[in-house]
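Source file: protein.txt; contents: compact mmCIF, C-alpha atoms (C1' of nucleotides).
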```txt
# COMPACT_ATOMS: atom_id res chain seq x y z
CA MET A 1 -20.19 -69.63 -121.45
CA ASN A 2 -21.60 -66.18 -120.82
CA ALA A 3 -25.03 -67.74 -120.43
CA ARG A 4 -25.46 -66.78 -116.82
CA PRO A 5 -28.09 -64.07 -116.28
CA ALA A 6 -26.69 -60.95 -114.66
CA PRO A 7 -26.97 -61.51 -110.91
CA THR A 8 -29.06 -58.98 -109.07
CA PRO A 9 -26.71 -56.54 -107.45
CA THR A 10 -27.36 -56.13 -103.76
CA LEU A 11 -27.68 -52.82 -102.05
CA HIS A 12 -26.58 -52.76 -98.48
CA LEU A 13 -28.12 -49.66 -96.93
CA PRO A 14 -25.41 -48.98 -94.34
CA ALA A 15 -22.91 -48.71 -97.19
CA PHE A 16 -25.11 -46.57 -99.41
CA VAL A 17 -23.85 -43.01 -99.33
CA PRO A 18 -27.19 -41.19 -99.69
CA PHE A 19 -28.53 -43.15 -96.76
CA ARG A 20 -25.41 -42.59 -94.70
CA LEU A 21 -25.58 -38.87 -95.34
CA ASN A 22 -29.18 -38.71 -94.21
CA ARG A 23 -28.63 -40.75 -91.11
CA LEU A 24 -25.60 -38.71 -90.18
CA ALA A 25 -27.33 -35.40 -90.79
CA VAL A 26 -30.23 -36.43 -88.56
CA ALA A 27 -27.88 -37.54 -85.82
CA VAL A 28 -25.85 -34.33 -85.95
CA SER A 29 -29.05 -32.29 -85.95
CA ASN A 30 -30.37 -34.09 -82.91
CA HIS A 31 -27.05 -33.76 -81.18
CA LEU A 32 -27.17 -30.01 -81.76
CA SER A 33 -30.86 -29.25 -81.46
CA VAL A 34 -30.91 -30.28 -77.84
CA ILE A 35 -29.38 -26.89 -77.12
CA TYR A 36 -31.75 -24.63 -78.91
CA ARG A 37 -34.82 -26.72 -78.24
CA GLU A 38 -34.52 -27.40 -74.55
CA ARG A 39 -32.64 -24.31 -73.46
CA PHE A 40 -34.11 -21.72 -75.80
CA GLY A 41 -37.37 -23.20 -77.03
CA LEU A 42 -36.43 -22.93 -80.68
CA ASP A 43 -37.00 -25.50 -83.37
CA ILE A 44 -34.72 -25.87 -86.36
CA PRO A 45 -36.42 -23.42 -88.74
CA GLU A 46 -36.55 -20.80 -86.00
CA TRP A 47 -32.92 -21.36 -85.14
CA ARG A 48 -31.93 -20.93 -88.77
CA VAL A 49 -33.93 -17.75 -89.15
CA LEU A 50 -32.57 -16.28 -85.94
CA VAL A 51 -29.02 -16.97 -86.97
CA THR A 52 -29.49 -15.64 -90.48
CA VAL A 53 -31.14 -12.43 -89.38
CA GLY A 54 -28.46 -12.03 -86.74
CA CYS A 55 -25.86 -12.15 -89.48
CA GLU A 56 -27.60 -10.17 -92.17
CA ARG A 57 -29.60 -7.36 -90.70
CA GLY A 58 -32.44 -6.24 -92.93
CA CYS A 59 -32.72 -9.48 -94.83
CA THR A 60 -36.10 -10.74 -96.00
CA ALA A 61 -38.03 -13.98 -95.82
CA GLN A 62 -37.21 -14.65 -99.43
CA SER A 63 -33.48 -14.14 -98.98
CA ILE A 64 -33.55 -16.52 -96.02
CA ALA A 65 -35.43 -19.10 -98.04
CA ASP A 66 -32.84 -18.78 -100.80
CA SER A 67 -29.77 -19.01 -98.61
CA THR A 68 -31.04 -21.81 -96.38
CA ARG A 69 -32.91 -23.73 -99.09
CA MET A 70 -35.94 -23.91 -96.82
CA HIS A 71 -39.43 -23.77 -98.27
CA LYS A 72 -40.82 -20.28 -98.07
CA THR A 73 -43.79 -21.39 -95.97
CA ARG A 74 -41.44 -22.90 -93.44
CA VAL A 75 -39.55 -19.63 -93.27
CA SER A 76 -42.77 -17.65 -93.03
CA ARG A 77 -44.00 -19.66 -90.10
CA ALA A 78 -40.70 -19.50 -88.29
CA ILE A 79 -40.65 -15.73 -88.67
CA ALA A 80 -44.21 -15.42 -87.42
CA HIS A 81 -43.35 -17.48 -84.39
CA LEU A 82 -40.22 -15.53 -83.58
CA GLU A 83 -42.13 -12.28 -83.89
CA THR A 84 -44.84 -13.54 -81.55
CA ARG A 85 -42.15 -14.33 -79.01
CA GLY A 86 -40.72 -10.84 -79.37
CA LEU A 87 -37.39 -11.95 -80.79
CA LEU A 88 -37.79 -10.47 -84.25
CA GLU A 89 -39.31 -7.39 -85.87
CA ARG A 90 -40.79 -6.97 -89.32
CA ALA A 91 -40.56 -3.56 -90.95
CA SER A 92 -41.91 -2.78 -94.36
CA HIS A 93 -39.20 -2.39 -96.93
CA ASN A 94 -38.72 1.15 -98.14
CA GLU A 95 -38.47 0.48 -101.81
CA ASP A 96 -40.62 -2.60 -102.13
CA ARG A 97 -43.72 -2.80 -100.02
CA ARG A 98 -44.10 -6.50 -100.76
CA ALA A 99 -40.98 -7.39 -98.83
CA LEU A 100 -40.47 -7.13 -95.09
CA GLU A 101 -37.11 -6.22 -93.63
CA LEU A 102 -36.24 -8.33 -90.64
CA GLN A 103 -34.14 -7.54 -87.64
CA LEU A 104 -33.68 -8.96 -84.18
CA THR A 105 -35.14 -7.20 -81.19
CA LYS A 106 -33.02 -6.62 -78.13
CA ALA A 107 -34.23 -9.94 -76.72
CA GLY A 108 -33.44 -11.60 -80.04
CA ARG A 109 -29.91 -10.25 -80.04
CA LYS A 110 -29.46 -11.43 -76.49
CA MET A 111 -30.53 -14.92 -77.45
CA TYR A 112 -28.26 -14.84 -80.47
CA GLN A 113 -25.32 -13.86 -78.29
CA ASP A 114 -26.05 -16.63 -75.81
CA LEU A 115 -26.78 -19.29 -78.37
CA VAL A 116 -24.17 -18.85 -81.07
CA PRO A 117 -21.13 -19.59 -78.89
CA LEU A 118 -22.76 -22.77 -77.64
CA ALA A 119 -23.56 -23.92 -81.17
CA LEU A 120 -20.07 -23.16 -82.43
CA GLU A 121 -18.63 -24.98 -79.44
CA ARG A 122 -20.71 -28.05 -80.25
CA GLU A 123 -19.58 -27.98 -83.85
CA ARG A 124 -15.98 -27.58 -82.78
CA THR A 125 -16.23 -30.45 -80.30
CA LEU A 126 -17.73 -32.75 -82.89
CA LEU A 127 -15.21 -31.91 -85.56
CA SER A 128 -12.31 -32.14 -83.14
CA GLN A 129 -12.93 -35.88 -83.04
CA LEU A 130 -11.65 -36.05 -86.59
CA GLY A 131 -8.01 -36.12 -87.49
CA LYS A 132 -6.64 -33.15 -89.38
CA ASP A 133 -6.63 -34.97 -92.71
CA GLU A 134 -10.03 -36.50 -92.10
CA LEU A 135 -11.53 -33.09 -91.43
CA LYS A 136 -9.90 -31.59 -94.47
CA GLY A 137 -11.10 -34.45 -96.63
CA LEU A 138 -14.61 -34.29 -95.31
CA LEU A 139 -14.90 -30.56 -95.90
CA ALA A 140 -13.46 -30.86 -99.37
CA GLY A 141 -15.94 -33.59 -100.22
CA LEU A 142 -18.83 -31.59 -98.81
CA THR A 143 -17.82 -28.54 -100.78
CA ARG A 144 -17.54 -30.47 -103.99
CA LEU A 145 -20.93 -32.13 -103.57
CA GLU A 146 -22.46 -28.74 -102.86
CA GLN A 147 -21.01 -27.50 -106.11
CA VAL A 148 -22.29 -30.48 -108.03
CA LEU A 149 -25.78 -30.14 -106.61
CA GLU A 150 -25.71 -26.35 -106.92
CA LEU A 151 -26.37 -25.64 -103.26
CA MET B 1 -5.60 -2.94 -73.41
CA ASN B 2 -7.60 -6.08 -72.95
CA ALA B 3 -10.54 -3.90 -71.94
CA ARG B 4 -12.62 -4.74 -74.98
CA PRO B 5 -15.63 -6.96 -74.22
CA ALA B 6 -15.50 -10.24 -76.08
CA PRO B 7 -17.16 -9.59 -79.43
CA THR B 8 -20.12 -11.76 -80.24
CA PRO B 9 -18.91 -14.46 -82.56
CA THR B 10 -20.92 -14.66 -85.72
CA LEU B 11 -22.32 -17.85 -87.11
CA HIS B 12 -22.63 -17.93 -90.84
CA LEU B 13 -25.04 -20.73 -91.61
CA PRO B 14 -23.60 -21.71 -95.04
CA ALA B 15 -20.30 -22.39 -93.30
CA PHE B 16 -21.79 -24.29 -90.37
CA VAL B 17 -21.15 -27.99 -90.83
CA PRO B 18 -24.34 -29.34 -89.21
CA PHE B 19 -26.39 -27.13 -91.48
CA ARG B 20 -24.35 -28.07 -94.53
CA LEU B 21 -24.78 -31.74 -93.78
CA ASN B 22 -28.53 -31.38 -93.49
CA ARG B 23 -28.89 -29.35 -96.64
CA LEU B 24 -26.71 -31.76 -98.57
CA ALA B 25 -28.54 -34.81 -97.27
CA VAL B 26 -31.88 -33.35 -98.29
CA ALA B 27 -30.58 -32.50 -101.75
CA VAL B 28 -29.12 -35.96 -102.29
CA SER B 29 -32.33 -37.54 -101.04
CA ASN B 30 -34.42 -35.51 -103.43
CA HIS B 31 -32.06 -36.27 -106.26
CA LEU B 32 -32.45 -39.95 -105.57
CA SER B 33 -36.06 -40.20 -104.46
CA VAL B 34 -37.31 -39.10 -107.84
CA ILE B 35 -36.61 -42.65 -108.97
CA TYR B 36 -38.45 -44.61 -106.37
CA ARG B 37 -41.25 -42.12 -105.91
CA GLU B 38 -42.25 -41.39 -109.49
CA ARG B 39 -41.33 -44.68 -111.08
CA PHE B 40 -42.17 -47.10 -108.31
CA GLY B 41 -44.53 -45.21 -106.00
CA LEU B 42 -42.34 -45.69 -102.94
CA ASP B 43 -41.50 -43.13 -100.32
CA ILE B 44 -38.25 -43.14 -98.40
CA PRO B 45 -39.25 -45.41 -95.50
CA GLU B 46 -40.76 -47.91 -97.91
CA TRP B 47 -37.66 -47.84 -100.07
CA ARG B 48 -35.47 -48.47 -97.07
CA VAL B 49 -37.59 -51.36 -95.86
CA LEU B 50 -37.74 -52.92 -99.31
CA VAL B 51 -33.99 -52.76 -99.67
CA THR B 52 -33.31 -54.08 -96.21
CA VAL B 53 -35.68 -57.02 -96.53
CA GLY B 54 -34.24 -57.70 -99.95
CA CYS B 55 -30.82 -58.02 -98.39
CA GLU B 56 -31.69 -59.81 -95.19
CA ARG B 57 -34.45 -62.27 -95.72
CA GLY B 58 -36.39 -63.05 -92.55
CA CYS B 59 -35.51 -59.84 -90.78
CA THR B 60 -38.03 -58.16 -88.51
CA ALA B 61 -39.43 -54.68 -88.06
CA GLN B 62 -37.23 -54.22 -85.03
CA SER B 63 -34.04 -55.21 -86.81
CA ILE B 64 -34.88 -52.78 -89.60
CA ALA B 65 -35.50 -50.00 -87.10
CA ASP B 66 -32.15 -50.75 -85.50
CA SER B 67 -30.11 -50.89 -88.68
CA THR B 68 -31.72 -47.88 -90.34
CA ARG B 69 -32.19 -45.81 -87.19
CA MET B 70 -35.77 -45.15 -88.21
CA HIS B 71 -38.44 -44.83 -85.55
CA LYS B 72 -40.27 -48.10 -85.12
CA THR B 73 -43.63 -46.55 -86.00
CA ARG B 74 -42.21 -45.32 -89.26
CA VAL B 75 -40.98 -48.82 -90.02
CA SER B 76 -44.28 -50.34 -88.99
CA ARG B 77 -46.26 -48.11 -91.32
CA ALA B 78 -43.89 -48.68 -94.21
CA ILE B 79 -44.21 -52.43 -93.76
CA ALA B 80 -48.00 -52.22 -93.60
CA HIS B 81 -48.05 -50.21 -96.79
CA LEU B 82 -45.73 -52.57 -98.63
CA GLU B 83 -47.82 -55.52 -97.53
CA THR B 84 -51.01 -53.86 -98.76
CA ARG B 85 -49.36 -53.39 -102.12
CA GLY B 86 -48.40 -57.04 -102.22
CA LEU B 87 -44.67 -56.44 -102.15
CA LEU B 88 -43.96 -57.94 -98.77
CA GLU B 89 -45.16 -60.80 -96.60
CA ARG B 90 -45.30 -61.10 -92.85
CA ALA B 91 -44.96 -64.55 -91.30
CA SER B 92 -45.02 -65.21 -87.60
CA HIS B 93 -41.64 -66.00 -86.20
CA ASN B 94 -41.20 -69.59 -85.10
CA GLU B 95 -39.51 -68.97 -81.82
CA ASP B 96 -41.00 -65.65 -80.84
CA ARG B 97 -44.61 -65.03 -81.65
CA ARG B 98 -44.23 -61.30 -81.00
CA ALA B 99 -41.93 -60.84 -83.94
CA LEU B 100 -42.84 -61.11 -87.61
CA GLU B 101 -40.44 -62.43 -90.17
CA LEU B 102 -40.45 -60.41 -93.35
CA GLN B 103 -39.73 -61.40 -96.88
CA LEU B 104 -40.40 -59.98 -100.29
CA THR B 105 -43.09 -61.44 -102.48
CA LYS B 106 -42.36 -62.25 -106.10
CA ALA B 107 -43.54 -58.76 -107.05
CA GLY B 108 -41.36 -57.31 -104.33
CA ARG B 109 -38.30 -59.13 -105.57
CA LYS B 110 -39.04 -57.93 -109.08
CA MET B 111 -39.20 -54.35 -107.89
CA TYR B 112 -36.00 -54.82 -105.94
CA GLN B 113 -34.26 -56.13 -109.02
CA ASP B 114 -35.47 -53.24 -111.13
CA LEU B 115 -34.82 -50.55 -108.56
CA VAL B 116 -31.48 -51.42 -107.02
CA PRO B 117 -29.39 -51.06 -110.18
CA LEU B 118 -30.92 -47.64 -110.82
CA ALA B 119 -30.20 -46.47 -107.30
CA LEU B 120 -26.63 -47.74 -107.40
CA GLU B 121 -26.16 -46.07 -110.75
CA ARG B 122 -27.35 -42.75 -109.31
CA GLU B 123 -25.00 -43.06 -106.39
CA ARG B 124 -22.13 -43.92 -108.70
CA THR B 125 -22.87 -40.98 -110.99
CA LEU B 126 -22.99 -38.56 -108.10
CA LEU B 127 -19.79 -39.81 -106.51
CA SER B 128 -17.99 -39.91 -109.84
CA GLN B 129 -18.09 -36.14 -109.81
CA LEU B 130 -15.58 -36.21 -106.99
CA GLY B 131 -11.89 -36.68 -107.49
CA LYS B 132 -10.33 -39.86 -106.16
CA ASP B 133 -8.85 -38.13 -103.13
CA GLU B 134 -11.99 -36.13 -102.48
CA LEU B 135 -14.08 -39.28 -102.46
CA LYS B 136 -11.66 -41.07 -100.19
CA GLY B 137 -11.58 -38.13 -97.81
CA LEU B 138 -15.32 -37.78 -97.75
CA LEU B 139 -15.89 -41.43 -97.00
CA ALA B 140 -13.23 -41.44 -94.30
CA GLY B 141 -14.84 -38.42 -92.67
CA LEU B 142 -18.28 -39.96 -92.85
CA THR B 143 -17.05 -43.17 -91.32
CA ARG B 144 -15.34 -41.39 -88.48
CA LEU B 145 -18.38 -39.27 -87.68
CA GLU B 146 -20.51 -42.39 -87.69
CA GLN B 147 -18.16 -43.93 -85.16
CA VAL B 148 -18.22 -40.84 -82.97
CA LEU B 149 -21.99 -40.67 -83.01
CA GLU B 150 -22.35 -44.43 -82.65
CA LEU B 151 -24.39 -44.94 -85.79
C1' DT C 1 -45.48 -71.42 -60.68
C1' DG C 2 -46.66 -66.79 -60.53
C1' DT C 3 -45.60 -62.10 -60.98
C1' DA C 4 -43.07 -58.26 -62.84
C1' DA C 5 -40.19 -56.25 -66.25
C1' DA C 6 -38.82 -56.18 -70.98
C1' DT C 7 -39.71 -56.56 -75.84
C1' DA C 8 -42.27 -56.67 -80.80
C1' DG C 9 -45.44 -54.34 -82.98
C1' DT C 10 -49.69 -51.20 -83.66
C1' DT C 11 -52.49 -47.10 -83.19
C1' DG C 12 -54.52 -42.42 -81.67
C1' DC C 13 -53.08 -37.84 -81.35
C1' DG C 14 -50.98 -33.53 -82.19
C1' DC C 15 -47.55 -31.17 -84.81
C1' DC C 16 -44.90 -29.81 -88.71
C1' DC C 17 -44.26 -29.70 -93.52
C1' DG C 18 -44.93 -28.93 -98.57
C1' DC C 19 -48.27 -27.96 -102.11
C1' DA C 20 -51.45 -25.07 -104.11
C1' DA C 21 -54.12 -21.15 -104.01
C1' DC C 22 -54.60 -16.61 -102.48
C1' DT C 23 -53.62 -11.30 -101.58
C1' DG C 24 -51.07 -7.42 -102.37
C1' DT C 25 -47.33 -5.06 -104.83
C1' DC C 26 -44.06 -4.23 -108.53
C1' DA C 27 -42.47 -4.25 -113.42
C1' DA C 28 -43.14 -4.52 -118.39
C1' DT C 29 -45.62 -3.68 -122.38
C1' DC C 30 -49.07 -1.62 -125.18
C1' DG D 1 -52.46 4.70 -117.69
C1' DA D 2 -54.39 0.03 -118.08
C1' DT D 3 -53.33 -4.72 -118.36
C1' DT D 4 -50.53 -8.68 -117.80
C1' DG D 5 -47.12 -11.37 -115.63
C1' DA D 6 -43.75 -11.83 -111.97
C1' DC D 7 -42.74 -11.76 -107.19
C1' DA D 8 -43.09 -11.42 -101.54
C1' DG D 9 -45.49 -13.39 -98.23
C1' DT D 10 -49.56 -15.96 -95.95
C1' DT D 11 -52.89 -19.62 -95.23
C1' DG D 12 -56.01 -23.94 -95.82
C1' DC D 13 -55.38 -28.60 -96.50
C1' DG D 14 -53.76 -33.24 -96.67
C1' DG D 15 -50.08 -36.30 -95.37
C1' DG D 16 -46.26 -38.05 -92.71
C1' DC D 17 -43.89 -38.19 -88.43
C1' DG D 18 -42.70 -38.98 -83.41
C1' DC D 19 -44.55 -39.55 -78.85
C1' DA D 20 -47.07 -42.02 -75.70
C1' DA D 21 -50.10 -45.55 -74.66
C1' DC D 22 -51.72 -49.96 -75.71
C1' DT D 23 -51.84 -55.35 -76.64
C1' DA D 24 -49.58 -59.56 -76.82
C1' DT D 25 -45.72 -62.30 -75.84
C1' DT D 26 -41.42 -63.53 -73.66
C1' DT D 27 -37.98 -63.50 -70.00
C1' DA D 28 -36.27 -63.04 -65.27
C1' DC D 29 -36.68 -64.20 -60.80
C1' DA D 30 -38.58 -64.97 -56.28
```
So that I can check it, write out the structure of this file as structure tokens.
Amino acid sequence: MNARPAPTPTLHLPAFVPFRLNRLAVAVSNHLSVIYRERFGLDIPEWRVLVTVGCERGCTAQSIADSTRMHKTRVSRAIAHLETRGLLERASHNEDRRALELQLTKAGRKMYQDLVPLALERERTLLSQLGKDELKGLLAGLTRLEQVLEL
Amino acid sequence: MNARPAPTPTLHLPAFVPFRLNRLAVAVSNHLSVIYRERFGLDIPEWRVLVTVGCERGCTAQSIADSTRMHKTRVSRAIAHLETRGLLERASHNEDRRALELQLTKAGRKMYQDLVPLALERERTLLSQLGKDELKGLLAGLTRLEQVLEL
DNA sequence: TGTAAATAGTTGCGCCCGCAACTGTCAATC
DNA sequence: GATTGACAGTTGCGGGCGCAACTATTTACA
């Protein structure tokens, strides 16, 4: 007895939480990005920068990289692109000439005002498919994992 | 009264569920991929293919693309790479000469046996940080969103 | 049977990303 | 005040990805 070698455990990908999270995140992203890609010509990094600057006037590339956990080069390129399109302005920071204060142009604010309600509506529609307890549980789980991973 | 124009709703990215899902998925992926990248030289598509073939002997590139929701070119390249490394074999399907039946080589099975317990352990460790109810709620929410998005 | 549509898989191409290295500026220390 | 290290931001480079187009095979159907 007890002579059997430990059987190899099997890993079924569709039941593996890291995989499920990734697949779900991609699907939700695609579901959402249709809006800002096709109707506004933004990709995901640009969308994130636009929204962040729209919320926090005068923020910098670094602060966006910190709060969104995007690589700073990705942020840099998104900012450059938005500026080229006239949606964003860079102004040298008063106290620190390394940093650049960002703010939306008039056109940028217009896009923000058009886009944000649509995005929130999509989020609301998606989440409304969940029962009250399911939603609460999901958000609690998300929050806890964010804590654990220090996001 | 009622003369105020509707204020622009604000979207705070750290509270926006699609963003949170993406950020969390990336973090969990990175947390996990350290194992199969540094210790086994696999990237994510290769890892997924290895695991899937390890579970379902004789599956094809197409079935992997379907079950993992990866683009078929991504699957194709992962398979080619695994074959080059001698971890996987392609055999022409008996009934359909377009398709290729996949199975792990001896070296591939060895890697599977070494890798799977480590991956499951990482998943377990991560999820053990959640309370019982939190975990249950998270999984229920994930499952429901998968249903809604037809994953 | 012969033709057209569908399917499995591969490959060329362009794009985006992260890494590393770089410039310019600030802060600390002597 | 000069030097050293830290920090904000940009850019060249290599690699991976998805799209579209392609080959080869199978299926549907007239």
Within 6 Å of chain A, which residues of chain B show up? Give each one with its shortest atom-to-atom distance in Å (one decimal) and the two atoms involved, counting all atoms listed in the file, rows by chain then rising residue number, as a tab-separated table.
```
residue	atom	partner	partner_atom	distance
B:Thr8	CA	A:Gln113	CA	5.9
B:Leu21	CA	A:Ala25	CA	5.4
B:Asn22	CA	A:Ala25	CA	5.0
B:Ala25	CA	A:Asn22	CA	5.0
B:Gln113	CA	A:Thr8	CA	5.9
B:Glu134	CA	A:Gly141	CA	5.2
B:Gly137	CA	A:Gly137	CA	3.9
B:Leu138	CA	A:Leu138	CA	4.3
B:Gly141	CA	A:Leu138	CA	4.9
```
| message | as JSON, numbers by chain, could you give me every residue of chain B near chain C (at most 12 Å apart, counting all atoms listed in the file)? | response | {"B": [60, 61, 62, 63, 65, 72, 73, 74, 75, 76, 77, 79, 80, 90, 92, 93, 96, 97, 98, 99, 100, 101]}
| said: Please find the residues of chain D near chain A - the criterion being any atom within 9 Å, counting all atoms listed in the file - and write them as an MDAnalysis selection string. | reply: chainID D and resid 7:10
| said: Just to confirm, what's the straight-line distance from CA of Glu95 (chain B) to CA of Leu50 (chain B) in Å (one decimal)? | reply: 23.8 Å
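Interatomic distance, CA of His71 (chain B) to C1' of DG18 (chain D): 7.5 Å.
The gap separating CA of Glu46 (chain B) from C1' of DC17 (chain D) is 13.9 Å, in Å to one decimal.
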| Contact residues around Leu87 (chain A) with only C-alpha atoms (C1' of nucleotides) at 6 Å, ignoring same-chain residues under 3 positions, as a ChimeraX atom specification | /A:82-83,104-105,107-108
Edge lengths and centre in Å, axis-aligned, region 3-21 of chain D plus 5 Å each side, as JSON:
```
{"center_x": -49.4, "center_y": -25.1, "center_z": -96.5, "size_x": 23.3, "size_y": 50.8, "size_z": 53.7}
```
